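Student: Once you've had a glance at the structure underneath, I'll fire off some questions.
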Amino acid sequence: MFYSVLSFIADTIIWIISTTGHIGVGILMAIDSCNIPIPSEITMPFSGFLAHSGVLSFWWVIIAGTIGSIIGSLASYYLAGWIMQYRVGHSWLRKIFSDHGVEVAERWFSKYGNMSVF
């Protein structure tokens, strides 16, 4: 079961990169950086293989992967900020992100600062 799921994900990633090229690399890396489990461990090595084979440009693979990762990380960051800002007025967000959980996270970040993000 696990093998078939992993095989399906790998085949899908390979198909996306094969059909869309550098744009697909950027999109997959953006999705991966948004905390959606698209494994970059499959995306980037296959892209590197295609770059080595001459199908894709090495530098464009690096640029697309980097830009995609930045876009995905920024989207995740701003989504988290929106959730924390608007959770007070929405009961369903308060159920997911309790006051106690938020207080624990704030104490953690206050205590350890930037190193806690690293």
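Labeling convention for the structure tokens: chains A, B, ... as they appear, residues from 1 per chain, ligands from 1 in order of appearance.
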Hey, what's within 12 Å of stretch 16-26 of chain A if we count only C-alpha atoms and toss same-chain stuff fewer than 4 positions away? As a compact mmCIF listing (two decimals) with N, CA, C and O atoms, in the first residue's frame, please?
Tutor:
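Dumped everything to around16.txt:
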```txt
# COMPACT_ATOMS: atom_id res chain seq x y z
N ILE A 9 2.99 9.17 -6.21
CA ILE A 9 3.48 10.53 -6.00
C ILE A 9 4.72 10.79 -6.86
O ILE A 9 4.82 11.82 -7.53
N ALA A 10 5.65 9.85 -6.85
CA ALA A 10 6.88 10.03 -7.65
C ALA A 10 6.56 10.10 -9.14
O ALA A 10 7.09 10.97 -9.85
N ASP A 11 5.68 9.23 -9.62
CA ASP A 11 5.31 9.25 -11.04
C ASP A 11 4.62 10.56 -11.41
O ASP A 11 4.86 11.11 -12.49
N THR A 12 3.78 11.07 -10.52
CA THR A 12 3.09 12.33 -10.78
C THR A 12 4.08 13.50 -10.85
O THR A 12 4.00 14.35 -11.74
N ALA A 30 7.13 25.41 -4.67
CA ALA A 30 6.25 26.32 -3.93
C ALA A 30 5.25 25.53 -3.09
O ALA A 30 5.02 25.85 -1.92
N ILE A 31 4.68 24.49 -3.67
CA ILE A 31 3.74 23.65 -2.93
C ILE A 31 4.44 22.97 -1.76
O ILE A 31 3.90 22.92 -0.65
N ASP A 32 5.65 22.48 -1.98
CA ASP A 32 6.41 21.85 -0.91
C ASP A 32 6.70 22.83 0.22
O ASP A 32 6.61 22.47 1.40
N SER A 33 7.01 24.07 -0.12
CA SER A 33 7.32 25.08 0.91
C SER A 33 6.08 25.57 1.64
O SER A 33 6.20 26.23 2.67
N ILE A 38 4.72 17.54 -0.85
CA ILE A 38 5.25 17.19 -2.17
C ILE A 38 6.77 17.07 -1.96
O ILE A 38 7.43 18.08 -1.73
N PRO A 39 7.33 15.89 -1.99
CA PRO A 39 8.72 15.73 -1.59
C PRO A 39 9.72 16.37 -2.56
O PRO A 39 9.82 15.97 -3.72
N SER A 40 10.44 17.35 -2.06
CA SER A 40 11.49 17.97 -2.87
C SER A 40 12.62 16.98 -3.11
O SER A 40 13.43 17.19 -4.01
N ILE A 42 12.29 14.23 -4.38
CA ILE A 42 12.03 13.65 -5.70
C ILE A 42 12.11 14.75 -6.75
O ILE A 42 12.69 14.55 -7.83
N THR A 43 11.57 15.92 -6.45
CA THR A 43 11.50 17.02 -7.42
C THR A 43 12.88 17.45 -7.89
O THR A 43 13.16 17.49 -9.09
N MET A 44 13.74 17.81 -6.95
CA MET A 44 15.02 18.39 -7.34
C MET A 44 16.01 17.38 -7.94
O MET A 44 16.67 17.70 -8.93
N PRO A 45 16.13 16.16 -7.41
CA PRO A 45 17.05 15.22 -8.08
C PRO A 45 16.61 14.88 -9.51
O PRO A 45 17.46 14.78 -10.41
N PHE A 46 15.31 14.71 -9.74
CA PHE A 46 14.87 14.44 -11.11
C PHE A 46 15.12 15.63 -12.01
O PHE A 46 15.53 15.49 -13.16
N SER A 47 14.90 16.85 -11.48
CA SER A 47 15.19 18.06 -12.25
C SER A 47 16.67 18.15 -12.57
O SER A 47 17.06 18.54 -13.67
N GLY A 48 17.50 17.79 -11.60
CA GLY A 48 18.95 17.77 -11.84
C GLY A 48 19.33 16.75 -12.89
O GLY A 48 20.20 17.00 -13.73
N PHE A 49 18.66 15.59 -12.87
CA PHE A 49 18.91 14.59 -13.90
C PHE A 49 18.55 15.13 -15.28
O PHE A 49 19.30 14.96 -16.25
N LEU A 50 17.39 15.80 -15.38
CA LEU A 50 16.99 16.37 -16.66
C LEU A 50 17.93 17.48 -17.10
O LEU A 50 18.19 17.65 -18.29
N ALA A 51 18.46 18.24 -16.16
CA ALA A 51 19.44 19.28 -16.49
C ALA A 51 20.73 18.64 -16.99
O ALA A 51 21.33 19.09 -17.97
N GLY A 54 20.45 17.50 -20.47
CA GLY A 54 20.29 18.55 -21.46
C GLY A 54 18.86 18.90 -21.77
O GLY A 54 18.59 19.75 -22.63
N VAL A 55 17.91 18.28 -21.10
CA VAL A 55 16.49 18.56 -21.33
C VAL A 55 16.10 19.89 -20.69
O VAL A 55 15.36 20.67 -21.28
N LEU A 56 16.60 20.15 -19.49
CA LEU A 56 16.36 21.41 -18.79
C LEU A 56 17.69 22.13 -18.60
O LEU A 56 18.75 21.51 -18.63
N SER A 57 17.62 23.43 -18.36
CA SER A 57 18.80 24.23 -18.08
C SER A 57 19.14 24.14 -16.59
O SER A 57 18.27 24.34 -15.74
N PHE A 58 20.40 23.85 -16.31
CA PHE A 58 20.85 23.72 -14.92
C PHE A 58 20.53 24.97 -14.12
O PHE A 58 19.95 24.89 -13.03
N TRP A 59 20.88 26.13 -14.64
CA TRP A 59 20.68 27.38 -13.89
C TRP A 59 19.21 27.72 -13.74
O TRP A 59 18.78 28.24 -12.72
N TRP A 60 18.39 27.42 -14.75
CA TRP A 60 16.95 27.69 -14.64
C TRP A 60 16.29 26.75 -13.65
O TRP A 60 15.30 27.12 -12.99
N VAL A 61 16.81 25.54 -13.51
CA VAL A 61 16.29 24.62 -12.48
C VAL A 61 16.57 25.20 -11.10
O VAL A 61 15.69 25.23 -10.23
N ILE A 62 17.78 25.71 -10.89
CA ILE A 62 18.13 26.31 -9.60
C ILE A 62 17.27 27.55 -9.34
O ILE A 62 16.74 27.73 -8.24
N ILE A 63 17.13 28.41 -10.34
CA ILE A 63 16.35 29.63 -10.18
C ILE A 63 14.88 29.30 -9.92
O ILE A 63 14.26 29.87 -9.01
N ALA A 64 14.31 28.39 -10.70
CA ALA A 64 12.89 28.03 -10.52
C ALA A 64 12.66 27.40 -9.15
O ALA A 64 11.67 27.72 -8.47
N GLY A 65 13.55 26.51 -8.72
CA GLY A 65 13.41 25.89 -7.41
C GLY A 65 13.52 26.90 -6.28
O GLY A 65 12.74 26.86 -5.31
N THR A 66 14.45 27.83 -6.42
CA THR A 66 14.63 28.85 -5.38
C THR A 66 13.44 29.79 -5.31
O THR A 66 12.90 30.07 -4.23
N ILE A 67 13.01 30.29 -6.45
CA ILE A 67 11.86 31.21 -6.48
C ILE A 67 10.60 30.50 -5.97
O ILE A 67 9.82 31.07 -5.21
N GLY A 68 10.40 29.26 -6.39
CA GLY A 68 9.25 28.50 -5.92
C GLY A 68 9.27 28.32 -4.41
O GLY A 68 8.24 28.48 -3.74
N SER A 69 10.44 28.01 -3.86
CA SER A 69 10.55 27.84 -2.41
C SER A 69 10.27 29.14 -1.66
O SER A 69 9.60 29.13 -0.63
N ILE A 70 10.76 30.24 -2.19
CA ILE A 70 10.52 31.54 -1.55
C ILE A 70 9.03 31.89 -1.60
O ILE A 70 8.46 32.32 -0.59
N ILE A 71 8.41 31.70 -2.75
CA ILE A 71 6.98 32.01 -2.88
C ILE A 71 6.16 31.14 -1.93
O ILE A 71 5.25 31.62 -1.24
N GLY A 72 6.46 29.86 -1.87
CA GLY A 72 5.73 28.97 -0.98
C GLY A 72 5.92 29.32 0.49
O GLY A 72 4.98 29.28 1.28
```
Student: Separation of atom CA of A:Tyr86 and atom CA of A:Lys111, in Å?
Tutor: 24.7 Å
Student: Tell me, which residues of stretch 17-97 of chain A carry DSSP alpha helix (DSSP H), written as a PyMOL selection string?
Tutor: chain A and resi 17-20+22-33+40-53+58-86+91-96
Student: Write the residues of the selection above to a file with C-alpha atoms, as a PDB file, in the first residue's frame.
Tutor:
```
ATOM      1  CA  ILE A  17       8.308  18.167 -14.507  1.00  0.00           C
ATOM      2  CA  SER A  18       8.505  16.330 -17.830  1.00  0.00           C
ATOM      3  CA  THR A  19       5.509  18.175 -19.256  1.00  0.00           C
ATOM      4  CA  THR A  20       5.920  21.646 -17.741  1.00  0.00           C
ATOM      5  CA  HIS A  22      11.108  24.759 -15.242  1.00  0.00           C
ATOM      6  CA  ILE A  23       7.662  26.139 -14.380  1.00  0.00           C
ATOM      7  CA  GLY A  24       6.700  22.759 -12.934  1.00  0.00           C
ATOM      8  CA  VAL A  25       9.844  22.729 -10.805  1.00  0.00           C
ATOM      9  CA  GLY A  26       8.921  26.143  -9.384  1.00  0.00           C
ATOM     10  CA  ILE A  27       5.308  25.163  -8.745  1.00  0.00           C
ATOM     11  CA  LEU A  28       6.237  21.889  -7.042  1.00  0.00           C
ATOM     12  CA  MET A  29       8.797  23.631  -4.840  1.00  0.00           C
ATOM     13  CA  ALA A  30       6.248  26.322  -3.927  1.00  0.00           C
ATOM     14  CA  ILE A  31       3.738  23.651  -2.931  1.00  0.00           C
ATOM     15  CA  ASP A  32       6.407  21.852  -0.908  1.00  0.00           C
ATOM     16  CA  SER A  33       7.323  25.075   0.908  1.00  0.00           C
ATOM     17  CA  SER A  40      11.486  17.973  -2.868  1.00  0.00           C
ATOM     18  CA  GLU A  41      13.672  14.885  -2.493  1.00  0.00           C
ATOM     19  CA  ILE A  42      12.029  13.655  -5.701  1.00  0.00           C
ATOM     20  CA  THR A  43      11.500  17.018  -7.420  1.00  0.00           C
ATOM     21  CA  MET A  44      15.025  18.394  -7.343  1.00  0.00           C
ATOM     22  CA  PRO A  45      17.045  15.218  -8.077  1.00  0.00           C
ATOM     23  CA  PHE A  46      14.871  14.435 -11.105  1.00  0.00           C
ATOM     24  CA  SER A  47      15.188  18.055 -12.251  1.00  0.00           C
ATOM     25  CA  GLY A  48      18.946  17.771 -11.837  1.00  0.00           C
ATOM     26  CA  PHE A  49      18.910  14.591 -13.905  1.00  0.00           C
ATOM     27  CA  LEU A  50      16.987  16.366 -16.659  1.00  0.00           C
ATOM     28  CA  ALA A  51      19.437  19.282 -16.489  1.00  0.00           C
ATOM     29  CA  HIS A  52      22.370  16.873 -16.759  1.00  0.00           C
ATOM     30  CA  SER A  53      20.675  15.194 -19.726  1.00  0.00           C
ATOM     31  CA  PHE A  58      20.845  23.722 -14.924  1.00  0.00           C
ATOM     32  CA  TRP A  59      20.680  27.375 -13.888  1.00  0.00           C
ATOM     33  CA  TRP A  60      16.955  27.689 -14.636  1.00  0.00           C
ATOM     34  CA  VAL A  61      16.288  24.624 -12.479  1.00  0.00           C
ATOM     35  CA  ILE A  62      18.127  26.313  -9.603  1.00  0.00           C
ATOM     36  CA  ILE A  63      16.346  29.634 -10.179  1.00  0.00           C
ATOM     37  CA  ALA A  64      12.895  28.026 -10.522  1.00  0.00           C
ATOM     38  CA  GLY A  65      13.408  25.887  -7.405  1.00  0.00           C
ATOM     39  CA  THR A  66      14.630  28.849  -5.384  1.00  0.00           C
ATOM     40  CA  ILE A  67      11.858  31.207  -6.479  1.00  0.00           C
ATOM     41  CA  GLY A  68       9.245  28.505  -5.917  1.00  0.00           C
ATOM     42  CA  SER A  69      10.551  27.840  -2.407  1.00  0.00           C
ATOM     43  CA  ILE A  70      10.518  31.539  -1.552  1.00  0.00           C
ATOM     44  CA  ILE A  71       6.981  32.014  -2.878  1.00  0.00           C
ATOM     45  CA  GLY A  72       5.728  28.967  -0.976  1.00  0.00           C
ATOM     46  CA  SER A  73       7.414  30.047   2.249  1.00  0.00           C
ATOM     47  CA  LEU A  74       5.982  33.562   1.981  1.00  0.00           C
ATOM     48  CA  ALA A  75       2.503  32.184   1.322  1.00  0.00           C
ATOM     49  CA  SER A  76       2.778  29.945   4.385  1.00  0.00           C
ATOM     50  CA  TYR A  77       4.082  32.848   6.491  1.00  0.00           C
ATOM     51  CA  TYR A  78       1.272  35.210   5.514  1.00  0.00           C
ATOM     52  CA  LEU A  79      -1.357  32.499   5.936  1.00  0.00           C
ATOM     53  CA  ALA A  80      -0.124  31.873   9.483  1.00  0.00           C
ATOM     54  CA  GLY A  81      -0.229  35.617  10.184  1.00  0.00           C
ATOM     55  CA  TRP A  82      -3.777  35.826   8.861  1.00  0.00           C
ATOM     56  CA  ILE A  83      -4.848  32.865  10.983  1.00  0.00           C
ATOM     57  CA  MET A  84      -3.358  34.344  14.139  1.00  0.00           C
ATOM     58  CA  GLN A  85      -4.905  37.755  13.434  1.00  0.00           C
ATOM     59  CA  TYR A  86      -8.411  36.508  12.640  1.00  0.00           C
ATOM     60  CA  SER A  91     -14.853  30.070  16.422  1.00  0.00           C
ATOM     61  CA  TRP A  92     -13.642  27.336  14.080  1.00  0.00           C
ATOM     62  CA  LEU A  93     -10.120  28.839  14.095  1.00  0.00           C
ATOM     63  CA  ARG A  94     -10.201  29.110  17.889  1.00  0.00           C
ATOM     64  CA  LYS A  95     -10.979  25.395  18.067  1.00  0.00           C
ATOM     65  CA  ILE A  96      -7.961  24.534  15.919  1.00  0.00           C
TER      66      ILE A  96
END
```
